[in-house]
Structures are given as C-alpha cells and as structure tokens.
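Here is work.cif, consisting of mmCIF, C-alpha atoms and all ligand atoms:
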```
data_work
#
loop_
_atom_site.label_atom_id
_atom_site.label_comp_id
_atom_site.auth_asym_id
_atom_site.auth_seq_id
_atom_site.Cartn_x
_atom_site.Cartn_y
_atom_site.Cartn_z
CA MET A 64 85.90 85.01 48.80
CA GLN A 65 89.11 87.00 48.65
CA ALA A 66 88.04 90.26 47.08
CA GLU A 67 90.60 92.20 49.07
CA LYS A 68 94.34 91.94 48.68
CA SER A 69 96.15 90.86 51.80
CA SER A 70 97.36 93.88 53.73
CA GLN A 71 100.47 91.87 54.58
CA ASP A 72 101.24 91.24 50.93
CA SER A 73 100.84 94.92 50.12
CA GLY A 74 103.07 96.02 52.98
CA GLU A 75 100.35 98.39 54.19
CA PRO A 76 99.49 98.79 57.86
CA PRO A 77 96.54 96.53 58.75
CA SER A 78 94.14 99.45 59.22
CA ALA A 79 94.70 100.73 55.67
CA HIS A 80 92.22 98.35 54.02
CA PRO A 81 91.69 99.49 50.48
CA ALA A 82 88.00 100.30 50.16
CA GLN A 83 88.05 100.00 46.40
CA GLY A 84 86.16 96.94 45.28
CA LEU A 85 84.39 96.48 48.61
CA LYS A 86 81.14 97.89 47.20
CA LYS A 87 80.74 94.87 44.97
CA PHE A 88 78.33 92.17 46.15
CA SER A 89 79.86 88.70 45.82
CA SER A 90 78.76 85.28 46.97
CA ALA A 91 80.57 83.67 49.91
CA GLY A 92 80.92 80.59 47.71
CA ARG A 93 81.21 77.00 48.90
CA GLY A 94 84.92 76.64 49.69
CA PHE A 95 85.59 73.34 51.46
CA TRP A 96 81.93 72.43 51.20
CA HIS A 97 81.79 72.42 47.38
CA ASP A 98 80.32 68.91 47.23
CA VAL A 99 77.46 69.60 49.67
CA SER A 100 74.05 69.58 48.00
CA GLU A 101 72.36 72.87 47.23
CA ALA A 102 69.49 71.92 49.53
CA ASP A 103 71.81 71.21 52.48
CA TRP A 104 73.93 74.32 51.96
CA ASN A 105 70.83 76.52 51.93
CA ASP A 106 69.36 74.82 54.99
CA TRP A 107 70.08 76.89 58.09
CA ARG A 108 69.93 73.87 60.32
CA TRP A 109 72.60 72.14 58.20
CA GLN A 110 74.77 75.24 58.55
CA LEU A 111 74.37 75.21 62.34
CA LYS A 112 75.10 71.49 62.58
CA HIS A 113 78.30 71.90 60.57
CA ARG A 114 79.72 74.90 62.39
CA ILE A 115 83.42 75.01 63.13
CA THR A 116 83.54 74.55 66.88
CA THR A 117 86.81 72.74 67.65
CA VAL A 118 90.49 73.55 67.37
CA GLU A 119 90.97 70.51 65.15
CA GLN A 120 88.34 71.73 62.67
CA LEU A 121 89.81 75.21 62.69
CA GLN A 122 93.29 73.82 61.95
CA LYS A 123 91.91 71.68 59.16
CA PHE A 124 89.97 74.46 57.45
CA LEU A 125 92.44 77.26 58.20
CA PRO A 126 95.94 75.78 57.87
CA THR A 127 97.42 79.27 58.07
CA LEU A 128 96.39 79.56 61.72
CA THR A 129 99.00 81.62 63.56
CA PRO A 130 100.48 80.45 66.91
CA GLU A 131 98.54 83.29 68.58
CA GLU A 132 95.27 82.06 67.02
CA LEU A 133 96.00 78.42 67.79
CA ALA A 134 96.66 79.22 71.46
CA GLY A 135 93.55 81.40 71.51
CA ALA A 136 91.39 78.66 70.01
CA GLN A 137 92.71 76.12 72.53
CA LEU A 138 91.62 78.39 75.38
CA ALA A 139 88.56 79.94 73.73
CA ASN A 140 85.92 77.68 75.16
CA HIS A 141 86.73 78.81 78.70
CA LYS A 142 85.43 82.31 77.99
CA LEU A 143 83.33 82.32 74.83
CA ALA A 144 82.80 79.29 72.64
CA LEU A 145 84.34 79.01 69.22
CA GLY A 146 81.64 78.81 66.57
CA ILE A 147 81.67 79.81 62.90
CA THR A 148 79.07 78.83 60.31
CA PRO A 149 80.53 77.31 57.11
CA TYR A 150 78.88 80.15 55.17
CA PHE A 151 80.61 82.87 57.21
CA PHE A 152 83.88 80.96 57.34
CA ASN A 153 84.09 81.20 53.56
CA LEU A 154 84.47 84.98 53.86
CA ILE A 155 87.81 84.57 55.65
CA ASP A 156 90.91 85.26 53.61
CA PRO A 157 93.28 82.45 54.66
CA ALA A 158 96.26 84.36 53.27
CA ASP A 159 95.66 87.38 55.51
CA GLU A 160 96.07 87.07 59.26
CA ASN A 161 94.59 90.57 59.54
CA CYS A 162 91.55 89.66 57.45
CA PRO A 163 88.69 91.75 58.92
CA ILE A 164 86.35 88.75 58.93
CA ARG A 165 88.91 86.48 60.57
CA LEU A 166 89.64 89.00 63.33
CA GLN A 167 85.98 88.98 64.34
CA VAL A 168 85.48 85.24 64.81
CA VAL A 169 88.84 83.47 65.17
CA PRO A 170 90.01 83.57 68.81
CA LYS A 171 93.40 84.97 69.79
CA LEU A 172 95.48 84.43 72.89
CA ALA A 173 95.09 88.14 73.66
CA GLU A 174 91.51 87.36 74.75
CA THR A 175 92.94 85.91 77.94
CA GLN A 176 94.64 89.19 78.89
CA THR A 177 92.38 91.37 80.98
CA ALA A 178 93.08 94.97 82.00
CA THR A 179 91.90 96.22 85.39
CA TRP A 180 89.28 98.51 83.81
CA GLU A 181 87.74 95.72 81.74
CA MET A 182 84.57 94.00 82.93
CA SER A 183 82.58 90.84 82.33
CA ASP A 184 79.35 92.91 82.30
CA PRO A 185 80.55 96.26 80.86
CA CYS A 186 77.04 97.70 80.37
CA GLY A 187 75.91 96.83 83.89
CA GLU A 188 72.98 94.79 82.56
CA ASP A 189 72.87 92.38 85.48
CA SER A 190 72.37 95.22 87.95
CA HIS A 191 69.34 96.47 85.97
CA SER A 192 67.66 93.09 85.75
CA PRO A 193 64.39 92.97 87.73
CA VAL A 194 63.72 89.35 86.67
CA PRO A 195 66.12 86.87 85.05
CA GLY A 196 66.56 87.51 81.33
CA LEU A 197 65.11 91.03 81.36
CA VAL A 198 67.06 94.30 81.51
CA HIS A 199 65.11 97.44 82.39
CA ARG A 200 67.69 100.20 82.01
CA TYR A 201 65.74 102.96 80.24
CA PRO A 202 62.34 104.33 81.28
CA ASP A 203 60.08 103.09 78.47
CA ARG A 204 61.78 100.02 77.09
CA VAL A 205 63.24 96.66 78.06
CA LEU A 206 65.80 94.27 76.70
CA PHE A 207 64.43 90.74 76.58
CA LEU A 208 67.16 88.08 76.51
CA VAL A 209 65.69 85.19 74.59
CA THR A 210 68.54 82.72 74.32
CA ASP A 211 72.22 82.35 75.12
CA ARG A 212 73.09 80.90 71.70
CA CYS A 213 74.37 82.56 68.52
CA ALA A 214 75.05 81.25 65.03
CA SER A 215 78.72 82.27 65.32
CA TYR A 216 80.54 83.94 68.20
CA CYS A 217 82.04 87.44 67.93
CA ARG A 218 85.31 87.69 69.84
CA TYR A 219 84.36 91.15 71.16
CA CYS A 220 80.88 90.15 72.43
CA THR A 221 79.50 92.43 75.15
CA ARG A 222 77.55 89.47 76.50
CA SER A 223 80.36 86.96 76.36
CA ARG A 224 79.62 86.23 80.03
CA LEU A 225 76.24 84.94 78.90
CA VAL A 226 76.35 83.65 75.33
CA SER A 227 77.54 80.14 74.48
CA ASN A 228 77.48 79.35 78.20
CA ALA A 229 81.25 78.82 78.07
CA SER A 230 81.74 80.78 81.28
CA GLY A 231 79.02 78.85 83.12
CA TYR A 232 76.70 81.88 83.31
CA ASP A 233 73.39 81.01 84.90
CA PHE A 234 70.98 81.74 82.06
CA HIS A 235 67.39 80.67 82.67
CA PRO A 236 64.93 81.96 80.11
CA GLU A 237 61.82 82.34 82.21
CA TYR A 238 59.43 83.79 79.72
CA ASP A 239 56.49 83.74 82.12
CA LYS A 240 58.25 85.98 84.62
CA GLN A 241 59.63 88.25 81.88
CA ILE A 242 56.22 88.64 80.26
CA ALA A 243 54.48 89.13 83.60
CA TYR A 244 56.91 91.94 84.45
CA ILE A 245 56.25 93.70 81.14
CA ALA A 246 52.48 93.28 81.56
CA ALA A 247 52.69 94.80 85.06
CA HIS A 248 54.64 97.87 83.89
CA PRO A 249 52.51 100.08 81.65
CA GLU A 250 55.44 102.44 81.05
CA ILE A 251 57.10 99.76 78.86
CA ARG A 252 56.11 100.56 75.31
CA ASP A 253 59.09 99.00 73.51
CA VAL A 254 60.52 95.48 73.81
CA LEU A 255 63.84 94.54 72.24
CA LEU A 256 64.41 90.82 71.80
CA SER A 257 68.07 89.96 71.89
CA GLY A 258 70.36 87.42 73.47
CA GLY A 259 72.16 85.44 72.06
CA ASP A 260 70.27 85.54 68.83
CA PRO A 261 66.44 85.43 68.84
CA LEU A 262 66.32 84.25 65.23
CA LEU A 263 67.86 80.96 66.31
CA LEU A 264 64.50 80.05 67.82
CA SER A 265 62.21 78.01 65.61
CA ASP A 266 59.48 79.93 63.78
CA GLU A 267 56.91 78.38 66.12
CA LYS A 268 58.67 79.41 69.33
CA LEU A 269 59.34 82.91 68.09
CA GLU A 270 55.75 83.30 66.93
CA ASN A 271 54.50 82.21 70.32
CA LEU A 272 56.72 84.72 72.10
CA LEU A 273 55.84 87.59 69.76
CA SER A 274 52.13 86.79 70.09
CA ARG A 275 52.33 86.95 73.88
CA LEU A 276 54.11 90.29 73.74
CA ARG A 277 51.69 91.68 71.18
CA ALA A 278 48.81 90.74 73.46
CA ILE A 279 50.05 93.27 76.05
CA PRO A 280 48.12 96.46 75.20
CA HIS A 281 50.81 98.98 76.21
CA VAL A 282 53.58 97.33 74.15
CA GLU A 283 53.54 99.57 71.10
CA PHE A 284 56.71 98.53 69.39
CA LEU A 285 58.72 95.32 69.02
CA ARG A 286 62.33 95.04 67.99
CA ILE A 287 64.69 92.17 67.29
CA GLY A 288 68.48 92.50 67.43
CA SER A 289 70.13 89.80 65.33
CA ARG A 290 73.42 88.93 63.69
CA ILE A 291 71.73 86.04 61.84
CA PRO A 292 71.29 87.94 58.54
CA THR A 293 75.09 88.25 58.28
CA PHE A 294 76.17 84.99 59.97
CA LEU A 295 73.45 82.75 58.59
CA PRO A 296 71.38 84.39 55.83
CA GLN A 297 69.87 80.95 55.06
CA ARG A 298 67.77 81.39 58.22
CA ILE A 299 65.84 84.28 56.64
CA THR A 300 63.34 82.03 54.93
CA PRO A 301 60.09 83.18 53.27
CA ASP A 302 58.19 81.40 56.07
CA LEU A 303 60.08 83.31 58.76
CA CYS A 304 59.39 86.63 57.01
CA ALA A 305 55.69 85.80 56.61
CA MET A 306 55.49 84.98 60.32
CA LEU A 307 57.30 88.16 61.43
CA LYS A 308 55.05 90.25 59.21
CA GLN A 309 52.10 89.57 61.51
CA PHE A 310 53.62 91.59 64.33
CA HIS A 311 54.08 95.08 62.94
CA PRO A 312 55.33 97.52 64.01
CA LEU A 313 58.34 95.21 64.24
CA PHE A 314 61.83 96.56 63.56
CA LEU A 315 64.97 94.51 63.10
CA SER A 316 68.53 95.64 63.83
CA ILE A 317 71.19 93.65 62.10
CA HIS A 318 74.87 93.69 63.04
CA SER A 319 77.59 94.09 60.42
CA ASN A 320 81.06 95.55 60.70
CA HIS A 321 82.71 95.25 57.33
CA PRO A 322 81.50 95.64 53.73
CA ARG A 323 82.64 92.11 52.88
CA GLU A 324 79.95 90.77 55.19
CA LEU A 325 77.36 92.13 52.75
CA THR A 326 77.37 89.33 50.21
CA THR A 327 74.76 88.50 47.58
CA GLU A 328 73.31 85.98 50.06
CA VAL A 329 72.97 88.67 52.75
CA ARG A 330 71.58 91.21 50.30
CA ASP A 331 68.89 88.71 49.21
CA ALA A 332 68.03 87.82 52.81
CA LEU A 333 67.69 91.51 53.70
CA ALA A 334 65.47 92.05 50.66
CA ARG A 335 63.13 89.32 51.92
CA LEU A 336 62.88 91.06 55.31
CA ALA A 337 62.41 94.50 53.74
CA ASP A 338 59.74 93.12 51.39
CA ALA A 339 57.90 91.87 54.49
CA GLY A 340 57.69 95.51 55.56
CA ILE A 341 60.24 95.21 58.35
CA PRO A 342 62.25 98.43 58.84
CA LEU A 343 65.91 97.47 59.00
CA GLY A 344 68.71 99.17 60.93
CA ASN A 345 72.34 98.23 61.43
CA GLN A 346 74.57 98.28 64.46
CA SER A 347 78.33 98.23 63.99
CA VAL A 348 81.10 98.03 66.54
CA LEU A 349 84.22 100.07 65.91
CA LEU A 350 86.98 97.46 65.76
CA LYS A 351 90.71 97.86 65.32
CA HIS A 352 91.97 96.56 61.96
CA VAL A 353 88.41 95.65 60.97
CA ASN A 354 86.64 98.92 60.27
CA ASP A 355 88.72 101.68 61.90
CA ASN A 356 89.19 103.28 58.53
CA PRO A 357 86.96 106.09 57.21
CA ASP A 358 86.84 104.69 53.66
CA VAL A 359 85.95 101.18 54.83
CA MET A 360 83.28 102.55 57.18
CA LYS A 361 81.79 104.80 54.50
CA THR A 362 81.66 101.87 52.08
CA LEU A 363 79.92 99.73 54.71
CA MET A 364 77.33 102.43 55.41
CA GLN A 365 76.63 103.05 51.72
CA LYS A 366 76.44 99.34 50.99
CA LEU A 367 73.93 98.91 53.83
CA LEU A 368 71.69 101.52 52.22
CA MET A 369 71.91 99.55 48.98
CA CYS A 370 70.46 96.65 51.00
CA ARG A 371 67.67 98.92 52.37
CA VAL A 372 69.27 99.00 55.82
CA LYS A 373 69.63 102.31 57.69
CA PRO A 374 72.89 102.58 59.67
CA TYR A 375 71.64 103.04 63.25
CA TYR A 376 74.48 102.92 65.80
CA LEU A 377 78.24 102.82 65.63
CA TYR A 378 79.37 101.55 69.03
CA GLN A 379 82.63 102.29 70.69
CA CYS A 380 83.75 98.79 71.69
CA ASP A 381 82.70 98.12 75.29
CA LEU A 382 85.32 97.46 77.96
CA ILE A 383 84.84 93.73 77.66
CA ALA A 384 87.37 91.56 79.44
CA GLY A 385 90.03 90.48 76.92
CA SER A 386 89.03 92.84 74.10
CA ALA A 387 91.89 95.39 74.16
CA HIS A 388 93.42 93.99 70.97
CA LEU A 389 90.20 94.78 69.09
CA ARG A 390 89.37 98.18 70.59
CA ALA A 391 89.98 101.22 68.39
CA SER A 392 90.31 104.65 70.02
CA VAL A 393 87.52 107.17 70.53
CA ALA A 394 89.73 109.61 68.58
CA LYS A 395 89.54 107.24 65.61
CA GLY A 396 85.77 106.97 65.99
CA LEU A 397 85.42 110.76 65.96
CA GLU A 398 87.67 111.00 62.91
CA ILE A 399 85.44 108.50 61.10
CA MET A 400 82.28 110.40 62.04
CA GLU A 401 83.87 113.62 60.84
CA LYS A 402 84.54 111.98 57.49
CA LEU A 403 80.99 110.66 57.16
CA ARG A 404 78.87 113.69 58.12
CA GLY A 405 78.45 115.92 55.09
CA HIS A 406 80.62 113.70 52.91
CA THR A 407 77.79 111.28 52.21
CA THR A 408 74.02 111.25 52.66
CA GLY A 409 72.77 111.67 56.21
CA TYR A 410 70.98 108.33 55.85
CA ALA A 411 74.43 106.72 55.79
CA VAL A 412 75.55 108.37 59.03
CA PRO A 413 74.97 106.28 62.18
CA GLN A 414 74.97 107.71 65.69
CA TYR A 415 78.34 107.06 67.33
CA VAL A 416 77.82 106.09 70.99
CA ILE A 417 79.73 104.94 74.01
CA ASP A 418 77.81 102.67 76.32
CA ALA A 419 78.83 104.29 79.60
CA PRO A 420 80.94 101.73 81.51
CA GLY A 421 79.11 100.05 84.36
CA GLY A 422 75.56 100.79 83.21
CA GLY A 423 75.13 104.47 82.37
CA GLY A 424 73.44 103.76 79.05
CA LYS A 425 74.28 104.96 75.56
CA VAL A 426 75.91 108.37 75.33
CA PRO A 427 76.10 110.04 71.90
CA VAL A 428 79.59 111.15 70.96
CA ASN A 429 79.95 113.68 68.16
CA PRO A 430 82.64 115.81 66.58
CA GLU A 431 82.28 119.40 67.80
CA TYR A 432 80.15 121.42 65.37
CA VAL A 433 78.93 124.09 67.83
CA LEU A 434 82.00 126.26 68.45
CA CYS A 435 80.38 128.66 70.88
CA ARG A 436 76.93 129.62 72.00
CA ASN A 437 75.43 132.41 74.08
CA ALA A 438 72.07 134.16 74.47
CA GLY A 439 72.52 136.05 71.22
CA ARG A 440 74.20 133.68 68.77
CA VAL A 441 75.48 130.23 67.94
CA VAL A 442 78.75 129.81 66.09
CA ILE A 443 78.88 126.62 64.07
CA ARG A 444 81.30 124.78 61.82
CA ASN A 445 80.28 122.81 58.74
CA PHE A 446 81.82 119.61 57.36
CA GLU A 447 84.28 121.65 55.28
CA GLY A 448 85.52 123.55 58.32
CA LYS A 449 83.77 126.80 57.32
CA ILE A 450 82.48 128.91 60.21
CA PHE A 451 78.95 130.36 60.33
CA GLU A 452 76.97 132.41 62.80
CA TYR A 453 73.31 131.77 63.56
CA PRO A 454 71.40 134.44 65.53
CA GLU A 455 69.75 132.80 68.51
CA ALA A 456 65.96 132.96 68.68
CA ALA A 457 64.48 134.86 71.65
CA ASP A 458 62.84 131.63 72.91
CA GLY A 459 60.15 133.54 74.81
CA ARG A 460 62.57 135.12 77.28
CA PRO A 461 62.32 138.84 77.88
CA CYS A 462 64.90 140.59 75.74
CA GLY A 463 68.28 140.77 77.40
CA ARG A 464 67.56 138.09 80.02
CA PRO A 465 70.47 135.66 80.16
CA PRO A 466 69.87 131.98 79.47
CA GLU A 467 69.58 129.61 82.39
CA ARG A 468 72.84 128.79 84.05
CA ILE A 469 74.38 125.53 82.85
CA GLU A 470 75.37 123.35 85.78
CA GLU A 471 78.87 121.92 85.85
CA PRO A 472 78.70 118.18 85.16
CA GLU A 473 79.30 115.94 88.13
CA LEU A 474 82.14 113.51 87.60
CA VAL A 475 81.46 109.90 88.43
S1 LIG B 1 75.99 87.73 67.64
FE1 LIG B 1 75.78 89.33 69.23
S2 LIG B 1 75.38 88.20 71.12
FE2 LIG B 1 76.21 86.73 69.62
S3 LIG B 1 78.41 86.67 69.95
FE3 LIG B 1 78.04 88.22 68.37
S4 LIG B 1 77.85 90.16 69.51
FE4 LIG B 1 77.60 88.49 70.99
#
```
Now that the file is in, can you turn its structure into structure tokens?
Ligand code: SF4
Amino acid sequence: MQAEKSSQDSGEPPSAHPAQGLKKFSSAGRGFWHDVSEADWNDWRWQLKHRITTVEQLQKFLPTLTPEELAGAQLANHKLALGITPYFFNLIDPADENCPIRLQVVPKLAETQTATWEMSDPCGEDSHSPVPGLVHRYPDRVLFLVTDRCASYCRYCTRSRLVSNASGYDFHPEYDKQIAYIAAHPEIRDVLLSGGDPLLLSDEKLENLLSRLRAIPHVEFLRIGSRIPTFLPQRITPDLCAMLKQFHPLFLSIHSNHPRELTTEVRDALARLADAGIPLGNQSVLLKHVNDNPDVMKTLMQKLLMCRVKPYYLYQCDLIAGSAHLRASVAKGLEIMEKLRGHTTGYAVPQYVIDAPGGGGKVPVNPEYVLCRNAGRVVIRNFEGKIFEYPEAADGRPCGRPPERIEEPELV
C-alpha cells in the first residue's frame, strides 16, 4: 500500500507527512505474495513461518534498501533480530526511505551507535524483578513476561535486551514461580501479560495461563499488551476472541504508531476483539519521522477511535541503546499534546509519559495549563491560550490559613 506520497519526491522534510488521506482504511494487499492461497495468507502460522528474517530476503523484497539499511540488517541479529511479517511488510513504501512503516522495522546502522546515557534496560525492569519473568515496580500490579518472541521486531524496542534472544538474554519463563509470587502477594490486583507478545502463544497455552491467574482471588483485573493486532491481525481469530472472553475483566492494549498501520485487516481484527467485550487501549511511542507531527498523531488517535480503541499512552521513546536516530524531542511531544487537547475529543487524547530512566516508573508530562496557584485562586489557560481565574475552594481550612508548604523536589 502506498497511500502516502514519498516525502523525498515532494521535497518536504521527512517529518512533514501529509495527514490527508491517512484516515482512509485500506488493505495491506498481497504484494510479492499475490499467488499465495487465501487460506494460507489468512493463517497466522503461515505468516509467522514466512517472515522476512534474513538480509537476503530483505534485499530481495526491498531492492531499494539503502547502504545504511543494508549495513544495519547485516548487524541486526547481534542486538535485536530482524523479523517482519509478510502482511506488515506490504505496508512499506519501497520508494520512500523515510516511510514511517519502514523506519519502525527495517534496521539501520545507527542502531549500533550507543550514547553514554543509553541503556540496555532503560526502565530498570531487571532490578524490580523478584522472580524471573516478573516485574513488580508499582504497588498493586505486576508485569508478567510471557515470552521473548514477537511477530515482528520494532527497532526501538524497550526490551530489545530480551526479545528475539539476539543478545543472548537469559529468559526462562517459569510460570510456576511467577504465579506463586502473585498468589503470595495479596496487594497484587492487576496483572499485565506482556513480553515479547503474549498473543503468540497458542490458544491452549494462553487459556491455561489466564485460568491460573483468574483462580487467584485477589487478582481483580487482567491485561494483555500486544502488537499482534497491527503486526499480525490474522492471529485475532474468532476462537481466540471466544477464549479471551471467558476471563473478563480483561483489557487489551495494542501498539500502533502511524495511521497507515490501521488497515481494513486491523480494523476487522479490532472489531472482533471489541465484540468479545474486551476494552481496547492503544500505546504509541513518539518516533522521529514516524509520528512526530501533530496532524499525523491526531489522525492516528481519531482513526483508533473509529476502531473502538481508546488512545491510552503516548510514550517518550526510552533511552534504549542505539535508538537516538528514532527519538523525537520532549519539546515535540509537548507540542503535539498541545495540539490535541481541546482540538479534538478528549477520548482521542492519550496521556504523554516519560518512563523515568533507570526505573522510576511512568511520569505524566503535560503542557502547562495552570499558570499560577495560591490559597485564593488558580489561574488557568485554555487550549486557545485564553486566561481564566478560578476561585480556590476553602478546602476545610480555616479562612486565611495558608496552604501546606510545597517541598522543593529532590534531584536524582
Ligand atoms: S512488539 Fe513490543 S516487545 Fe516486540 S519488538 Fe515491538 S516493542 Fe518490542
């Protein structure tokens, strides 16, 4: 699919993707795989088996590979494996080296350049791991790492140390220990299955795991984080949806970064999940030349709502080793948030967060709307830049008593 004109052809800077036309839902098409049977193409296992995983395949299917991409692909498997499903590959515009789909999955040599402040574990997950495969960072919830495999590999992956096992990370899914830990900690009311991608497990394995978690009385809420709906919508079968439906309340967070990822195939897959009663959210990563454009981001958010998906988080790209070429600035993120809030429905506005480097957790980052505040009033600014004053409520304090002193933050 080449719905967008090449930014190179138009002479525009790469970040100036024209948003016009991106709202349209189109099929990814068959591309090189036009003679594959309908049954095979729609079989998720066929898609996985025929992923592009070698430099030779990449050169064959993408003859416009740049020297930077070729060198990156030759070295890719030392850090994070190369893997692209045929379905997702068809979204790449071969004529555009700055194609926002291509930038996300085709390796570049720049991945091998690491700045001193970049890390292999930027969110400090390993230091909050009481048993292998479980991260207990926040008081009432845990991250349960189910697998180290994904359908395709994102070049900016926060868990690139773990997924695809290219870096030899010691990943041992020990479900018994993970489940025993959760059962022994009654404060855990929320379990997020992630990885790697949990939806790569067979229906039977996933059902077994979800059943064991559901059997723990204090686990109120289950979540799955998955990029499968956008990388491999064929995996969202009616059988999978019927199985997942047994485990409500079960939420699913998908991951999409550009409106072109929302094809007719993805829209239909998301409809199957939504029809199974699964509340859907989306997590996006702010990426340079992919979605660091307010119009592109707004289109993505609105298109997600059309697929019954609530935009949940917009992440500032973590300080992952070798990701500088894909990281947009925080200033750009704030500009985008400023152009979303008030300019479109609040349902389309995600929370912009920075995962504090080294393991501080998610910190919300917002444009400044409170201009000043004291015991008597709050001065606020709206999305149009107009200033308003709101008289502060007494809040039970005796009249005239000053509010509690605000401590200076401690720098770490
Ligand atoms: S799907 Fe998620 S875990 Fe897998 S490579 Fe992409 S960001 Fe990483």
Do a neighbour search on Asp203 of chain A at 7 Å with all atoms listed in the file, toss out local chain neighbours closer than 4 positions, and write the hits as a ChimeraX atom specification.
/A:250-253
At most 12 Å from (71.8, 77.7, 53.4), file frame, only C-alpha atoms: which residues, as an MDAnalysis selection string?
chainID A and resid 91:93 96 99:113 148:151 291:292 294:300 328:329 332
Tell me, counting all atoms listed in the file, for each residue of chain A within 6 Å of ligand LIG 1 (chain B), which pair of atoms is nearest and how far apart they are in Å to one decimal, in rows ordered by chain and increasing number, as a Markdown table.
```
| residue | atom | partner | partner_atom | distance |
| --- | --- | --- | --- | --- |
| A:Cys213 | CA | B:LIG1 | FE2 | 4.7 |
| A:Tyr216 | CA | B:LIG1 | S3 | 3.9 |
| A:Cys217 | CA | B:LIG1 | FE3 | 4.1 |
| A:Cys220 | CA | B:LIG1 | FE4 | 3.9 |
| A:Arg222 | CA | B:LIG1 | FE4 | 5.6 |
| A:Gly258 | CA | B:LIG1 | S2 | 5.6 |
| A:Gly259 | CA | B:LIG1 | S2 | 4.3 |
| A:Arg290 | CA | B:LIG1 | S1 | 4.9 |
```
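Atom CA of Leu206 of chain A sits 11.8 Å away from atom CA of Pro261 of chain A.
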Could you pull the residues within 7 Å of Pro170 of chain A, counting only C-alpha atoms, minus those fewer than 2 positions along the same chain, as a short mmCIF file (atom, residue, chain, number, x, y, z; two decimals) with C-alpha atoms, in the coordinates of the input?
```cif
data_model
loop_
_atom_site.label_atom_id
_atom_site.label_comp_id
_atom_site.auth_asym_id
_atom_site.auth_seq_id
_atom_site.Cartn_x
_atom_site.Cartn_y
_atom_site.Cartn_z
CA GLU A 132 95.27 82.06 67.02
CA GLY A 135 93.55 81.40 71.51
CA ALA A 136 91.39 78.66 70.01
CA ALA A 139 88.56 79.94 73.73
CA VAL A 168 85.48 85.24 64.81
CA LEU A 172 95.48 84.43 72.89
CA ARG A 218 85.31 87.69 69.84
#
```
When you count only C-alpha atoms, which of these residues is closest to Asp381 of chain A: A:Thr129, A:Ser190, A:Asn161, A:Ser223?
A:Ser223
Need the shell around His321 of chain A: protein/DNA/RNA residues with any atom at most 9 Å away, counting only C-alpha atoms. Skip same-chain ones fewer than 6 positions apart. Format as a ChimeraX atom specification?
/A:85,163-164,347,353-354,359-360,362-363
Quote the spacing between atom CA of Leu273 of chain A and atom CA of Ile287 of chain A in Å to one decimal place.
10.3 Å
Separation of atom CA of Val348 of chain A and atom CA of Cys380 of chain A, in Å?
5.8 Å
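Residue nearest Ile242 of chain A, chosen from A:Ala173, A:Met364, A:Leu197, A:Ala229 and counting only C-alpha atoms: A:Leu197.
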Check the smallest atom-to-atom distance from each of A:Leu145, A:Gln176, A:Ala247, A:Pro195 to Asn228 of chain A using all atoms listed in the file, then report the winner.
A:Leu145
Using only C-alpha atoms, can you list as a PyMOL selection string the residues within 8 Å of (83.1, 96.2, 74.8)?
chain A and resi 185+219-221+379-384+386+390
Residues just named, written with C-alpha atoms as a CSV table (one decimal), in the frame of the given file:
```csv
chain,number,residue,atom,x,y,z
A,185,PRO,CA,80.6,96.3,80.9
A,219,TYR,CA,84.4,91.2,71.2
A,220,CYS,CA,80.9,90.2,72.4
A,221,THR,CA,79.5,92.4,75.2
A,379,GLN,CA,82.6,102.3,70.7
A,380,CYS,CA,83.8,98.8,71.7
A,381,ASP,CA,82.7,98.1,75.3
A,382,LEU,CA,85.3,97.5,78.0
A,383,ILE,CA,84.8,93.7,77.7
A,384,ALA,CA,87.4,91.6,79.4
A,386,SER,CA,89.0,92.8,74.1
A,390,ARG,CA,89.4,98.2,70.6
```
Hey, what's within 6 Å of segment 369-378 of chain A if we count only C-alpha atoms and toss same-chain stuff fewer than 3 positions away? As an NGL selection string, please?
:A and (330 or 343-349 or 366 or 411 or 413-416)
